[in-house]
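Below: run_11.txt (compact mmCIF, C-alpha atoms)
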```
# COMPACT_ATOMS: atom_id res chain seq x y z
CA LEU K 1 27.32 -46.84 10.86
CA LEU K 2 28.13 -43.36 9.56
CA ASN K 3 29.30 -41.00 12.31
CA ILE K 4 27.93 -37.48 11.83
CA ASN K 5 28.75 -34.51 14.05
CA VAL K 6 26.25 -31.68 13.62
CA GLY K 7 27.07 -28.55 15.60
CA GLY K 8 28.80 -30.59 18.33
CA LYS K 9 26.18 -33.36 18.64
CA LEU K 10 26.97 -36.85 17.43
CA PHE K 11 24.53 -38.90 15.32
CA GLN K 12 24.97 -42.40 13.93
CA ILE K 13 23.01 -43.60 10.88
CA ALA K 14 23.37 -46.90 9.02
CA TYR K 15 24.83 -46.71 5.50
CA LYS K 16 22.02 -48.82 4.05
CA VAL K 17 19.42 -46.40 5.44
CA LEU K 18 21.14 -43.39 3.89
CA ALA K 19 21.55 -45.23 0.56
CA GLN K 20 17.75 -45.29 0.20
CA TYR K 21 17.85 -41.52 -0.42
CA PRO K 22 20.74 -41.10 -2.89
CA ILE K 23 19.89 -37.51 -3.90
CA THR K 24 20.21 -36.16 -0.36
CA ARG K 25 23.50 -34.85 1.02
CA LEU K 26 23.95 -37.72 3.50
CA GLY K 27 22.84 -40.24 0.87
CA LYS K 28 25.63 -39.04 -1.42
CA LEU K 29 28.05 -39.15 1.52
CA ALA K 30 27.15 -42.80 2.12
CA LEU K 31 27.42 -43.79 -1.56
CA TYR K 32 30.55 -41.89 -2.63
CA THR K 33 33.80 -43.80 -2.50
CA ASP K 34 36.08 -40.93 -3.45
CA PRO K 35 37.35 -39.21 -0.26
CA VAL K 36 37.72 -35.87 -2.08
CA LYS K 37 33.99 -35.84 -3.04
CA LYS K 38 33.05 -36.79 0.51
CA LEU K 39 35.02 -33.86 1.93
CA GLN K 40 33.21 -31.51 -0.45
CA LEU K 41 29.90 -32.53 1.13
CA CYS K 42 30.88 -31.74 4.74
CA ASP K 43 32.61 -28.89 6.56
CA ASP K 44 35.35 -31.00 8.15
CA TYR K 45 36.45 -34.58 8.82
CA LEU K 46 37.85 -35.91 12.11
CA VAL K 47 40.20 -38.76 11.21
CA GLN K 48 40.69 -40.02 14.77
CA LYS K 49 36.97 -40.43 15.42
CA ASN K 50 35.98 -41.07 11.80
CA GLU K 51 33.37 -38.28 12.06
CA TYR K 52 32.02 -36.01 9.35
CA PHE K 53 31.46 -32.56 10.82
CA PHE K 54 28.66 -30.21 9.68
CA ASP K 55 28.44 -26.70 11.06
CA ARG K 56 24.62 -26.61 11.06
CA ASP K 57 21.80 -26.30 13.58
CA PRO K 58 21.64 -29.57 15.60
CA SER K 59 18.09 -28.88 16.85
CA ILE K 60 16.69 -28.97 13.32
CA PHE K 61 18.87 -31.93 12.38
CA HIS K 62 16.86 -34.01 14.87
CA TYR K 63 13.97 -33.84 12.36
CA ILE K 64 16.35 -34.76 9.51
CA PHE K 65 17.63 -37.69 11.57
CA HIS K 66 14.06 -38.80 12.27
CA PHE K 67 13.30 -38.59 8.54
CA TYR K 68 16.04 -41.10 7.68
CA ARG K 69 14.83 -43.47 10.37
CA SER K 70 11.10 -43.30 9.59
CA GLY K 71 10.85 -41.91 6.05
CA VAL K 72 8.58 -39.09 7.25
CA LEU K 73 9.66 -35.47 7.69
CA TRP K 74 7.95 -33.94 10.72
CA VAL K 75 7.29 -30.19 10.79
CA MET K 76 6.71 -28.45 14.11
CA ASP K 77 4.75 -25.19 14.49
CA GLU K 78 7.33 -23.52 16.72
CA MET K 79 10.04 -23.62 14.02
CA CYS K 80 10.83 -20.64 11.84
CA PRO K 81 9.64 -21.52 8.29
CA SER K 82 12.48 -19.68 6.54
CA ASN K 83 15.16 -21.30 8.69
CA PHE K 84 13.62 -24.76 8.35
CA VAL K 85 13.38 -24.50 4.54
CA GLU K 86 16.99 -23.33 4.38
CA GLU K 87 18.13 -26.28 6.49
CA ILE K 88 16.25 -28.99 4.58
CA GLU K 89 17.46 -27.52 1.29
CA TYR K 90 21.03 -27.80 2.59
CA TRP K 91 20.50 -31.45 3.47
CA GLY K 92 18.85 -32.05 0.09
CA ILE K 93 15.45 -33.15 1.49
CA HIS K 94 12.24 -32.03 -0.16
CA LEU K 95 9.19 -30.84 1.74
CA LYS K 96 7.09 -33.46 -0.09
CA TYR K 97 8.37 -36.10 2.37
CA SER K 98 6.33 -34.47 5.16
CA GLN K 99 2.74 -35.38 5.99
CA ARG K 100 0.10 -33.54 3.96
CA CYS K 101 -1.52 -31.96 7.04
CA CYS K 102 1.83 -30.67 8.30
CA ARG K 103 2.82 -29.47 4.83
CA ILE K 104 -0.39 -27.47 4.34
CA LEU K 105 -0.04 -25.75 7.74
CA PHE K 106 3.66 -25.12 7.17
CA GLU K 107 3.10 -23.57 3.71
CA GLU K 108 0.34 -21.34 5.12
CA LYS K 109 2.67 -20.19 7.88
CA ARG K 110 5.48 -19.58 5.37
CA ASP K 111 3.18 -17.54 3.09
CA GLU K 112 1.95 -15.60 6.11
CA LEU K 113 5.53 -14.83 7.13
CA SER K 114 6.46 -13.79 3.58
CA GLU K 115 3.45 -11.47 3.43
CA TYR K 116 4.37 -10.02 6.81
CA LEU K 117 7.97 -9.35 5.75
CA LYS K 118 6.76 -7.82 2.47
CA ILE K 119 4.40 -5.45 4.31
CA GLU K 120 7.14 -4.52 6.79
CA LYS K 121 9.46 -3.67 3.90
CA GLU K 122 6.79 -1.57 2.19
CA LEU K 123 5.98 0.22 5.46
CA GLU K 124 9.63 1.14 5.90
CA ALA K 125 9.78 2.33 2.28
CA GLU K 126 6.68 4.44 2.93
CA LEU K 127 8.61 6.61 5.39
CA GLU K 128 11.98 6.55 3.64
CA PRO K 129 12.57 9.48 1.29
CA LEU K 130 13.24 8.71 -2.36
CA GLU K 131 16.71 10.15 -1.99
CA SER K 132 19.32 10.34 0.73
CA GLY K 133 21.82 12.95 1.70
CA ALA K 134 24.72 10.79 0.50
CA GLN K 135 23.53 11.07 -3.11
CA PHE K 136 24.65 14.70 -3.30
CA ASP K 137 28.31 13.97 -2.59
CA GLY K 138 30.50 14.99 -5.51
CA LYS K 139 27.66 16.62 -7.47
CA PHE K 140 27.23 20.19 -8.66
CA LEU K 141 26.44 22.40 -5.64
CA GLY K 142 26.12 19.19 -3.65
CA ARG K 143 26.51 20.81 -0.24
CA PHE K 144 23.90 23.50 -0.98
CA ARG K 145 21.43 21.00 -2.50
CA LYS K 146 21.88 18.68 0.47
CA MET K 147 21.10 21.56 2.83
CA VAL K 148 17.96 22.41 0.83
CA TRP K 149 16.97 18.72 0.73
CA ASN K 150 17.24 18.40 4.53
CA LEU K 151 15.28 21.62 4.91
CA ILE K 152 12.36 20.54 2.71
CA GLU K 153 12.33 16.71 2.93
CA ASN K 154 13.59 15.90 6.42
CA PRO K 155 11.46 17.74 9.03
CA TYR K 156 13.41 16.17 11.92
CA SER K 157 16.80 17.41 10.72
CA SER K 158 16.52 20.92 12.21
CA VAL K 159 14.13 23.45 13.72
CA PRO K 160 13.77 25.44 10.44
CA ALA K 161 12.89 22.21 8.61
CA LYS K 162 10.18 21.49 11.19
CA ILE K 163 8.85 25.04 10.81
CA ILE K 164 8.63 24.63 7.02
CA ALA K 165 6.74 21.35 7.44
CA VAL K 166 4.27 23.02 9.80
CA MET K 167 3.92 26.01 7.45
CA SER K 168 3.22 23.66 4.53
CA SER K 169 0.31 22.07 6.40
CA PHE K 170 -0.88 25.50 7.56
CA PHE K 171 -0.96 26.92 4.02
CA VAL K 172 -2.83 23.85 2.77
CA LEU K 173 -5.53 24.43 5.39
CA ILE K 174 -5.64 28.16 4.62
CA SER K 175 -6.01 27.41 0.90
CA ILE K 176 -8.87 24.95 1.49
CA VAL K 177 -10.62 27.39 3.85
CA GLY K 178 -10.22 30.18 1.28
CA MET K 179 -11.65 28.03 -1.50
CA THR K 180 -14.60 27.13 0.75
CA LEU K 181 -15.31 30.74 1.76
CA SER K 182 -15.15 31.91 -1.87
CA THR K 183 -18.40 30.04 -2.53
CA VAL K 184 -20.28 31.89 0.27
CA GLU K 185 -22.62 34.60 -1.07
CA GLU K 186 -21.50 37.16 1.54
CA MET K 187 -17.88 36.78 0.38
CA LYS K 188 -18.62 37.36 -3.31
CA ASN K 189 -18.53 41.15 -2.97
CA LYS K 190 -15.58 43.21 -4.16
CA THR K 191 -13.77 43.31 -0.80
CA GLY K 192 -14.27 39.57 -0.17
CA LYS K 193 -13.05 38.66 -3.65
CA MET K 194 -9.96 40.80 -3.22
CA TRP K 195 -9.11 39.11 0.09
CA MET K 196 -9.65 35.66 -1.39
CA GLU K 197 -7.46 36.45 -4.40
CA GLN K 198 -4.66 37.77 -2.20
CA MET K 199 -4.87 34.71 0.03
CA GLU K 200 -4.78 32.42 -3.02
CA MET K 201 -1.77 34.29 -4.42
CA ILE K 202 0.18 33.97 -1.14
CA CYS K 203 -0.59 30.23 -0.94
CA ALA K 204 0.38 29.71 -4.59
CA ILE K 205 3.69 31.55 -4.06
CA PHE K 206 4.50 29.38 -1.04
CA PHE K 207 3.57 26.13 -2.85
CA THR K 208 5.60 27.20 -5.91
CA SER K 209 8.65 28.00 -3.76
CA GLU K 210 8.29 24.63 -2.03
CA TYR K 211 8.06 22.82 -5.36
CA VAL K 212 11.09 24.66 -6.79
CA MET K 213 13.13 23.83 -3.68
CA ARG K 214 12.24 20.15 -4.05
CA LEU K 215 13.16 20.27 -7.74
CA ILE K 216 16.52 21.93 -6.98
CA SER K 217 17.37 19.45 -4.24
CA SER K 218 16.47 16.41 -6.34
CA SER K 219 19.43 14.31 -7.51
CA SER K 220 17.39 12.68 -10.32
CA PHE K 221 14.87 14.65 -12.38
CA LYS K 222 13.24 11.43 -13.64
CA ASN K 223 12.67 10.08 -10.12
CA PHE K 224 11.38 13.49 -9.07
CA LEU K 225 8.67 13.43 -11.74
CA ARG K 226 7.69 9.85 -10.91
CA ALA K 227 7.12 10.56 -7.21
CA ALA K 228 3.42 10.69 -6.30
CA PHE K 229 3.83 13.48 -3.71
CA ASN K 230 5.62 15.69 -6.24
CA ALA K 231 2.76 15.16 -8.70
CA ILE K 232 0.34 16.28 -5.97
CA ASP K 233 2.46 19.38 -5.38
CA LEU K 234 2.34 20.19 -9.10
CA VAL K 235 -1.46 19.79 -9.18
CA ALA K 236 -1.65 22.11 -6.16
CA ILE K 237 0.01 25.04 -7.97
CA LEU K 238 -1.11 24.55 -11.59
CA PRO K 239 -4.71 25.87 -11.15
CA PHE K 240 -3.45 29.29 -10.04
CA TYR K 241 -1.26 29.81 -13.13
CA ILE K 242 -3.79 28.29 -15.55
CA GLN K 243 -6.43 30.64 -14.13
CA ILE K 244 -4.15 33.64 -14.77
CA LEU K 245 -3.49 32.40 -18.32
CA PHE K 246 -7.19 31.98 -19.11
CA GLU K 247 -8.02 35.38 -17.66
CA ASN K 248 -5.40 36.98 -19.91
CA LEU K 249 -6.80 35.13 -22.92
CA ASP K 250 -10.23 36.34 -21.88
CA ASP K 251 -9.01 39.97 -21.91
CA GLY K 252 -7.54 39.51 -25.39
CA ASP K 253 -10.80 38.12 -26.73
CA MET K 254 -12.69 41.08 -25.28
CA GLN K 255 -10.66 43.39 -27.54
CA TYR K 256 -10.80 41.56 -30.85
CA HIS K 257 -14.16 39.76 -31.08
CA GLU K 258 -17.70 40.89 -31.60
CA GLU K 259 -20.08 41.29 -28.68
CA LEU K 260 -22.10 38.08 -29.24
CA HIS K 261 -19.01 35.97 -29.74
CA LYS K 262 -17.43 37.59 -26.65
CA VAL K 263 -20.32 36.53 -24.42
CA GLU K 264 -20.20 32.96 -25.72
CA ASN K 265 -16.44 32.78 -25.28
CA VAL K 266 -16.58 34.21 -21.76
CA SER K 267 -19.18 31.60 -20.86
CA LYS K 268 -16.95 28.79 -22.09
CA LEU K 269 -13.91 30.19 -20.30
CA GLY K 270 -15.97 30.59 -17.13
CA LYS K 271 -16.85 26.90 -17.14
CA VAL K 272 -13.22 25.94 -17.69
CA LEU K 273 -12.11 28.29 -14.90
CA LYS K 274 -14.62 26.74 -12.52
CA LEU K 275 -13.22 23.31 -13.32
CA ILE K 276 -9.66 24.54 -12.83
CA LYS K 277 -10.54 26.17 -9.52
CA LEU K 278 -12.11 22.93 -8.38
CA MET K 279 -8.73 21.23 -8.87
CA ARG K 280 -7.49 23.16 -5.83
CA ILE K 281 -9.34 20.66 -3.64
CA PHE K 282 -6.50 18.22 -4.38
CA ARG K 283 -4.23 20.41 -2.24
CA ILE K 284 -5.59 18.64 0.79
CA LEU K 285 -3.63 15.57 -0.36
CA LYS K 286 -0.46 17.50 0.46
CA LEU K 287 -1.25 16.85 4.13
CA ALA K 288 -0.41 13.18 3.54
CA ARG K 289 3.28 14.15 3.26
CA HIS K 290 3.37 15.01 6.98
CA SER K 291 0.44 12.94 8.27
CA THR K 292 1.05 9.38 9.44
CA GLY K 293 -2.70 8.71 9.62
CA LEU K 294 -3.29 9.63 5.96
CA ARG K 295 -0.31 7.54 4.91
CA ALA K 296 -1.62 4.59 6.90
CA PHE K 297 -5.06 5.01 5.28
CA SER K 298 -3.54 5.14 1.79
CA PHE K 299 -1.36 2.11 2.56
CA THR K 300 -4.40 0.20 3.89
CA MET K 301 -6.36 0.90 0.70
CA ARG K 302 -3.44 -0.31 -1.42
CA GLN K 303 -3.02 -3.49 0.60
CA CYS K 304 -6.76 -4.24 0.81
CA TYR K 305 -7.74 -3.37 -2.76
CA GLN K 306 -8.95 -6.94 -3.34
CA GLN K 307 -11.35 -6.77 -0.39
CA VAL K 308 -12.54 -3.31 -1.46
CA CYS K 309 -13.14 -4.47 -5.05
CA CYS K 310 -14.97 -7.52 -3.68
CA LEU K 311 -17.19 -5.25 -1.56
CA LEU K 312 -17.99 -3.05 -4.59
CA LEU K 313 -18.83 -6.17 -6.61
CA PHE K 314 -21.22 -7.40 -3.91
CA ILE K 315 -22.85 -3.96 -3.72
CA ALA K 316 -23.33 -3.89 -7.50
CA MET K 317 -24.84 -7.39 -7.42
CA GLY K 318 -27.16 -6.38 -4.58
CA VAL K 319 -28.26 -3.21 -6.39
CA PHE K 320 -29.12 -5.10 -9.56
CA THR K 321 -30.82 -7.97 -7.71
CA PHE K 322 -33.00 -5.92 -5.35
CA SER K 323 -33.87 -3.29 -7.96
CA ALA K 324 -35.17 -6.07 -10.20
CA LEU K 325 -37.14 -7.61 -7.30
CA ILE K 326 -38.70 -4.32 -6.17
CA HIS K 327 -39.65 -3.43 -9.75
CA SER K 328 -41.35 -6.76 -10.33
CA VAL K 329 -43.35 -6.32 -7.11
CA GLU K 330 -44.19 -2.58 -7.32
CA HIS K 331 -44.47 -1.75 -11.05
CA ASP K 332 -48.27 -2.31 -11.12
CA VAL K 333 -48.97 0.07 -8.20
CA PRO K 334 -50.55 3.37 -9.40
CA GLY K 335 -48.21 6.36 -9.08
CA THR K 336 -45.20 4.20 -8.17
CA ASP K 337 -41.67 5.51 -8.59
CA PHE K 338 -40.41 2.03 -9.53
CA THR K 339 -41.40 2.36 -13.20
CA SER K 340 -38.28 0.54 -14.42
CA ILE K 341 -35.28 -1.33 -13.04
CA PRO K 342 -32.88 1.63 -13.66
CA CYS K 343 -35.29 3.87 -11.71
CA ALA K 344 -35.04 1.43 -8.80
CA TRP K 345 -31.22 1.46 -8.73
CA TRP K 346 -31.12 4.59 -6.52
CA TRP K 347 -33.53 3.07 -4.01
CA ALA K 348 -31.52 -0.20 -3.91
CA ALA K 349 -28.20 1.65 -3.46
CA VAL K 350 -29.58 3.82 -0.64
CA SER K 351 -31.18 0.83 1.10
CA LEU K 352 -28.05 -1.33 0.82
CA SER K 353 -25.96 1.43 2.37
CA THR K 354 -28.58 1.63 5.19
CA VAL K 355 -28.83 5.41 4.66
CA GLY K 356 -32.54 5.30 3.77
CA TYR K 357 -33.44 8.79 2.53
CA GLY K 358 -37.12 7.85 2.29
CA ASP K 359 -37.58 9.69 -1.02
CA THR K 360 -38.69 6.43 -2.65
CA VAL K 361 -40.53 3.78 -0.64
CA PRO K 362 -42.49 0.60 -1.52
CA ASP K 363 -46.25 0.63 -0.99
CA THR K 364 -47.16 -3.06 -0.97
CA ILE K 365 -46.52 -5.56 1.81
CA LEU K 366 -44.44 -7.71 -0.53
CA GLY K 367 -42.43 -4.65 -1.53
CA ARG K 368 -41.73 -3.83 2.11
CA LEU K 369 -40.61 -7.41 2.66
CA VAL K 370 -38.14 -7.04 -0.25
CA ALA K 371 -36.97 -3.76 1.31
CA PHE K 372 -36.43 -5.46 4.68
CA VAL K 373 -34.34 -8.21 3.06
CA CYS K 374 -32.37 -5.58 1.11
CA ILE K 375 -31.59 -3.58 4.26
CA SER K 376 -30.64 -6.73 6.20
CA PHE K 377 -28.33 -7.79 3.39
CA GLY K 378 -26.77 -4.30 3.41
CA ILE K 379 -26.08 -4.47 7.16
CA ILE K 380 -24.35 -7.84 6.80
CA LEU K 381 -22.47 -6.70 3.68
CA ASN K 382 -21.18 -3.48 5.24
CA GLY K 383 -20.23 -5.18 8.49
CA MET K 384 -17.98 -7.84 6.96
CA PRO K 385 -15.07 -5.81 5.53
CA ILE K 386 -15.15 -2.91 8.01
CA SER K 387 -13.61 -4.94 10.83
CA ILE K 388 -10.89 -6.25 8.50
CA LEU K 389 -10.09 -2.79 7.15
CA TYR K 390 -10.12 -1.19 10.60
CA ASN K 391 -7.86 -3.86 12.13
CA LYS K 392 -5.37 -3.54 9.28
CA PHE K 393 -5.48 0.25 9.41
CA SER K 394 -4.80 0.32 13.17
CA ASP K 395 -2.01 -2.23 12.72
CA TYR K 396 -0.37 -0.31 9.85
CA TYR K 397 -0.77 2.99 11.68
CA ALA K 398 0.94 1.61 14.79
CA LYS K 399 3.79 0.18 12.71
CA LEU K 400 4.24 3.39 10.71
CA LYS K 401 4.32 5.37 13.96
CA ALA K 402 6.88 2.98 15.43
CA HIS K 403 9.09 3.22 12.31
CA GLU K 404 8.74 6.99 12.36
CA MET K 405 9.79 7.19 16.02
CA SER K 406 12.76 4.85 15.44
CA GLN K 407 13.96 6.99 12.55
```

Just give me the structure as structure tokens.
Amino acid sequence: LLNINVGGKLFQIAYKVLAQYPITRLGKLALYTDPVKKLQLCDDYLVQKNEYFFDRDPSIFHYIFHFYRSGVLWVMDEMCPSNFVEEIEYWGIHLKYSQRCCRILFEEKRDELSEYLKIEKELEAELEPLESGAQFDGKFLGRFRKMVWNLIENPYSSVPAKIIAVMSSFFVLISIVGMTLSTVEEMKNKTGKMWMEQMEMICAIFFTSEYVMRLISSSSFKNFLRAAFNAIDLVAILPFYIQILFENLDDGDMQYHEELHKVENVSKLGKVLKLIKLMRIFRILKLARHSTGLRAFSFTMRQCYQQVCCLLLFIAMGVFTFSALIHSVEHDVPGTDFTSIPCAWWWAAVSLSTVGYGDTVPDTILGRLVAFVCISFGIILNGMPISILYNKFSDYYAKLKAHEMSQ
């Protein structure tokens, strides 16, 4: 018998049993005749008791010991998958020796744990800034840039930093409200336009100052440009300066071109300016920098993109299927709106979403039956992923909030 001491517990296994598995650690220990090679396989050797000592977990070794006796590796649910894999790899035993049912459940649990750890790591990275205060040590104006970085990137570092974070969200809301009010007819008079322009200028100055402070406090210009939030900040301030540029170009054209060409050019510039002004709506994304809920929503969409794509695929299939069915049933009805399958796409999309505007409705009994099936399919289709998305969102939100509080 081979005497094995694992973490203070003694086990005895016959040499002939161990020799049946020559590639395992204990199999090599039983077959080797060179004492030096044997000592390389264990942590220590007690000469008096003729025991080979291994500083490993004795509770898991019970399953290893059972494997040598029966030839089957048992896997229990209560064991940590990572720890168990590490232990059996140390002893040189492959997971293939376990029963298929146990192996399938164990691999599912291991994948689930790996996915959980991956999500936890990504959640922590979601709240961690791209840079840290230690990166400014020894750099040009390092102390000043670190102070600016704490002021603009770390709202919990001081009261002024918290005030700036609140002001950033406040100016975003003011900018969105101003853009909304600028489309109201009563605000399109001279006084209203002047107020809106002044409000836009103040918001643009604040956003520009914020962006410049982030640029100054960045330790790596390349990482600064790659950051998604910094790209959002740039999009938030660009429309204001592009609008000024186009207006100046417009004034130049008014001086040097003929009247007809001026009108055409002004019309083109007006369309471009409208498009540029519309880009200001992206400023609302700046709220995600200081909103845990928006971050959790964005993180949920990134993690559940497969389910979302699957939902969109099912919706597209339903639209094509039910539009074809309703067209085949209703196309012979006089005055029908279902004159072609593309004309029926809108009805199918509205019915699948269970909105039901009622602008297009079937007239025949068979058409109404198709509509009922379409609506029923839409209810089932919309109900399936919503619970998954909501559960994941609430879970991610709670974890993000916990990480935020711990930091």

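Residues with any atom within 7 Å of segment 316-330 of chain K, counting all atoms listed in the file and excluding same-chain neighbours fewer than 2 positions away, are Leu312, Leu313, Phe314, Asp332, Val333, Thr336, Phe338, Thr339, Ser340, Ile341, Ala344, Trp345, Ala348, Ala349, Pro362, Leu366, Gly367, Val370 and Cys374 of chain K.
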
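The gap separating atom CA of Val17 of chain K from atom CA of Cys80 of chain K is 27.9 Å, in Å to one decimal.
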
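For the choices K:Ser59, K:Ser353, K:Gln303, K:Gln99, the atom-to-atom distance to Phe84 of chain K is smallest for K:Ser59 when using all atoms listed in the file.
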
Fill in the blank from the handout: Counting all atoms listed in the file, closest pick from K:Trp74, K:Ala236, K:Gly356, K:Tyr45 relative to Cys101 of chain K is K:Trp74

Practice task
Extract, using only C-alpha atoms, all DNA, RNA and protein residues at most 8 Å from segment 382-399 of chain K, discarding same-chain residues fewer than 2 positions from it, and format them as a VMD selection string.
Solution key: chain K and resid 123 292 to 293 296 to 297 299 to 300 304 307 to 308 311 353 378 to 380 401 to 403

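Of the residues listed (K:Phe106, K:Phe54, K:Phe61, K:Trp91), K:Trp91 shows the shortest atom-to-atom separation from Lys28 of chain K; distances use only C-alpha atoms.
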
Exercise for the section: Quick one: pull the distance between atom CA of Asp363 of chain K and atom CA of Trp347 of chain K, Å, one decimal. Expected result: 13.3 Å

Practice task
Taking the point (21.4, -34.5, 14.1) as given in the file, collect each protein or nucleic acid residue that comes within 7 Å of it, counting only C-alpha atoms, and present the set as an NGL selection string.
Solution key: :K and (6 or 9-11 or 58 or 61-62 or 64-65)

What does the file look like for those residues with C-alpha atoms, as a PDB file, in the coordinates of the input?
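And here is the file that came out, selection-v4.pdb:
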```
ATOM      1  CA  VAL K   6      26.250 -31.680  13.620  1.00  0.00           C
ATOM      2  CA  LYS K   9      26.180 -33.360  18.640  1.00  0.00           C
ATOM      3  CA  LEU K  10      26.970 -36.850  17.430  1.00  0.00           C
ATOM      4  CA  PHE K  11      24.530 -38.900  15.320  1.00  0.00           C
ATOM      5  CA  PRO K  58      21.640 -29.570  15.600  1.00  0.00           C
ATOM      6  CA  PHE K  61      18.870 -31.930  12.380  1.00  0.00           C
ATOM      7  CA  HIS K  62      16.860 -34.010  14.870  1.00  0.00           C
ATOM      8  CA  ILE K  64      16.350 -34.760   9.510  1.00  0.00           C
ATOM      9  CA  PHE K  65      17.630 -37.690  11.570  1.00  0.00           C
TER      10      PHE K  65
END
```

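Here atom CA of Arg103 of chain K and atom CA of Glu120 of chain K stand 25.4 Å from one another.
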
Practice task
Give as number ranges by chain the set of residues within 12 Å of the point (-8.2, 18.3, -5.4), where distances use the file's coordinates and only C-alpha atoms.
Solution key: K: 172, 175-176, 179, 231-239, 275-287

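Minimum atom-to-atom distances from K:Trp195, K:Phe67, K:Phe207, K:Tyr90 to Arg25 of chain K were compared using all atoms listed in the file, and the lowest value belongs to K:Tyr90.
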
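Nearest residue to Tyr68 of chain K, choosing from K:Leu1, K:Leu26, K:Cys310, K:Val373 and counting all atoms listed in the file: K:Leu26.
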
For Leu41 of chain K, work out the shell of residues within 12 Å, counting all atoms listed in the file and skipping chain neighbours fewer than 5 positions away, then give it as a short mmCIF file (atom, residue, chain, number, x, y, z; two decimals) with C-alpha atoms, keeping the file's coordinate frame.
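This is the output file out-v5.cif:
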```
data_model
loop_
_atom_site.label_atom_id
_atom_site.label_comp_id
_atom_site.auth_asym_id
_atom_site.auth_seq_id
_atom_site.Cartn_x
_atom_site.Cartn_y
_atom_site.Cartn_z
CA ILE K 4 27.93 -37.48 11.83
CA THR K 24 20.21 -36.16 -0.36
CA ARG K 25 23.50 -34.85 1.02
CA LEU K 26 23.95 -37.72 3.50
CA GLY K 27 22.84 -40.24 0.87
CA LYS K 28 25.63 -39.04 -1.42
CA LEU K 29 28.05 -39.15 1.52
CA ALA K 30 27.15 -42.80 2.12
CA LEU K 31 27.42 -43.79 -1.56
CA TYR K 32 30.55 -41.89 -2.63
CA ASP K 34 36.08 -40.93 -3.45
CA PRO K 35 37.35 -39.21 -0.26
CA VAL K 36 37.72 -35.87 -2.08
CA TYR K 52 32.02 -36.01 9.35
CA PHE K 53 31.46 -32.56 10.82
CA PHE K 54 28.66 -30.21 9.68
CA ASP K 55 28.44 -26.70 11.06
CA TYR K 90 21.03 -27.80 2.59
CA TRP K 91 20.50 -31.45 3.47
CA GLY K 92 18.85 -32.05 0.09
#
```

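Distance annotation: of K:Asn83, K:Leu400, K:Arg145, K:Lys190, the residue with the minimal separation from Lys121 of chain K is K:Leu400; atom set is all atoms listed in the file.
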